[in-house]
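For reference, the structure is listed below as structure tokens.
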Protein chains: 2
Amino acid sequence: MTMCTDDCYPSRLSHTLAPFKRLDPIVYGSQSTGPLTSTELAQYERDGFLVIKDFLDEQQVQDFQQDLQHYQQHPQQLPNELVIKEAQQANIRSIFDIHKHNPRFDELTREPRLLAMVEQLLGSEVYIHQSRINVKPAFYGKGFDWHSDFETWHTEDGMPRMRALSCSIALTPNTQVNGSLMLIPGSHHYFVPCVGPTPTNNYRSSLQKQQVGVPSEQALNNLANQGGISMPTGPSGSLILFECNTLHASNANLSPWPRSNLFFVYNSVHNRLTTPFCGQAPRPEHLANRQHSGALVSSDIAAYA
Amino acid sequence: MTMCTDDCYPSRLSHTLAPFKRLDPIVYGSQSTGPLTSTELAQYERDGFLVIKDFLDEQQVQDFQQDLQHYQQHPQQLPNELVIKEAQQANIRSIFDIHKHNPRFDELTREPRLLAMVEQLLGSEVYIHQSRINVKPAFYGKGFDWHSDFETWHTEDGMPRMRALSCSIALTPNTQVNGSLMLIPGSHHYFVPCVGPTPTNNYRSSLQKQQVGVPSEQALNNLANQGGISMPTGPSGSLILFECNTLHASNANLSPWPRSNLFFVYNSVHNRLTTPFCGQAPRPEHLANRQHSGALVSSDIAAYA
């Protein structure tokens with residue numbers, strides 16, 4: 001791993017800085033250390049994401065959907081700051097820290113096969129950096145512009161290196177018309193420094209619409225012209241594992257069917273958060289876990305060793 | 001054809017009125033009167049649209065793209081009112097009445113195969129009700145919410161009956177990530193009366209974002225649950241013929257590639273515009289052709305008779 005004296009991935013700058021090759025590995029483990037095949041590992045290495053179909057069965061999807069409906073009807077049962085609404089709407093857009101409030105979700109974060117895949121990719125024990133349920137209401141659900149999650153986690157949360165990944169588990173089908181996740185394959189190979197200082201308490205608006213940490217159009221153009229844009233579609237229950245630095249976006253949900261997914265972020269225990277690199281105070285605990293960053297109790301993934 | 005004493009398709013009302021079955025035919029001709037096969041006619045009848053691949057060849061697409069680029073660089077060469085910009089942006093969103101200003105486009109409106117297909121579907125000679133080039137700029141190109149074109153043409157332009165159709169010809173590929181046309185198959189079988197009076201000069205804002213003439217969520221739900229949502233994708237040069245009352249929408253273009261298409265509307269010469277049904281003055285000529293509604297000079301479509 002390349003050593004840096006201070007900030008390996010400078011961003012939120014006053015001047016433009018060209019994208020540069022990442023300094024960190026993408027796949028930290030190997031075929032022998034987990035359930036993913038060498039083909040799957042190579043795909044994740046090349047594209048920055050991997051789709052696992054039928055990760056949840058229909059019953060499991062239904063159970064999580066019922067939990068979500070319950071929270072939509074009784075949001076007051078959750079701490080206020082965990083519930084993010086759509087801009088100018090009463091609809092729930094995200095519920096954060098859901099694994100600390102819902103046993104079913106908590107259990108899923110330690111599901112043996114999932115945890116084994118994640119630990120294989122990150123090459124160590126892991127912990128939950130952030131968890132949430134995302135909802136895109138029918139007709140009104142807004143999209144999200146292109147960004148790298150790592151850029152935010154690094155500058156605003158002090159995540160030092162690229163050794164984290166996100167899991168998106170579909171509770172509704174991902175179709176071409178309901179605002180599914182779009183990714184730029186191969187974009188995770190480059191870090192795109194962004195221009196513009198981070199405002200105080202940026203997270204209060206950035207979770208609805210991101211204003212800083214936005215890659216330049218030129219960088220997006222170059223990366224999308226190299227790698228294209230992928231939008232994995234498929235039935236509910238599918239899992240998308242995507243690398244923390246893969247550029248992604250999503251469109252609005254214009255369909256009459258709400259879209260929802262479970263989302264959680266694993267970080268390596270060797271990549272614990274430090275002081276944010278943007279000079280601001282750390283974001284709240286429910287956006288970036290600092291207190292409980294010990295390894296999750298994993299199943300016998302030693303079976304793959 | 002069902003006769004009405006006054007307004008067959010009431011809309012922009014002060015009260016809700018349930019959707020009702022259309023009073024007009026969908027396909028006015030038959031297999032023997034044009035190039036479309038009985039399968040294609042049946043598909044158009046059922047779905048409200050039809051995709052014809054490779055309608056333009058690569059050279060033709062390039063020629064039209066060059067014309068568009070020329071107008072983007074020299075918009076002052078066109079009358080000001082024909083050029084619609086993106087809301088809060090300098091980018092061109094549409095150029096109207098383009099067939100009156102560009103010979104290549106004018107010629108395309110009379111292209112023998114196209115005209116024969118249109119005359120077959122509408123069962124008569126036809127004229128151009130409206131023509132335009134549409135552009136969705138990279139990153140910024142906004143979408144358009146669900147609507148029936150006929151609802152606007154009827155209420156604001158005084159188009160009496162459903163005997164018109166739109167042609168959308170792709171100058172760039174239609175992909176799942178660049179804001180392609182979405183349609184609700186089968187929705188053209190029903191007229192959805194809309195609530196809310198039409199403001200004076202509504203067209204000045206409705207071409208950027210439609211505020212009236214918007215179907216209810218319940219109607220959209222019912223129709224989309226019956227027919228689903230289609231988004232035809234494919235290479236540039238493809239043609240989509242869609243019936244004037246088919247509900248359609250499109251998402252934003254988040255891709256780094258601009259999206260553009262040629263768009264023109266044919267109306268039957270037996271369906272000429274009358275006084276607008278919304279009680280407002282007619283929209284300008286470049287949005288709804290009243291002066292020159294004589295039949296286009298067609299090729300020997302008699303060959304199909």
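Chain lettering (A, B, ...) mirrors the order of the structure tokens, residue numbering begins at 1 for each chain separately, and ligand numbering begins at 1 in order of display.
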
Near-B:Leu122 list (12 Å; only C-alpha atoms; drop same-chain fewer than 5 positions) as a count of residues only: 33

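Within 9 Å of chain B, chain A contributes the residues Phe139, Gly143, Asp145, Trp146, Gln176, Val177, Gly179, Met182, Glu217, Gln218, Leu220, Asn221, Ala224, Asn225, Ile229, Ser230, Met231, Ala249, Ser250, Asn251, Ala252, Asn253, Leu254, Ser255, Pro256 and Trp257 of chain A, using only C-alpha atoms.
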
Alpha helix (DSSP H) call set, DSSP backbone run, stretch 86-263 of chain B, as a VMD selection string: chain B and resid 103 to 109 112 to 122 149 to 157 203 to 206 217 to 227

For atom CA of A:His286 and atom CA of A:Val135, the interatomic separation in Å (one decimal):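 If I compute the distance from atom CA of A:His286 to atom CA of A:Val135, I get 17.6 Å.
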
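A straight line drawn from atom CA of A:Gln72 to atom CA of A:Glu86 is 12.9 Å long.
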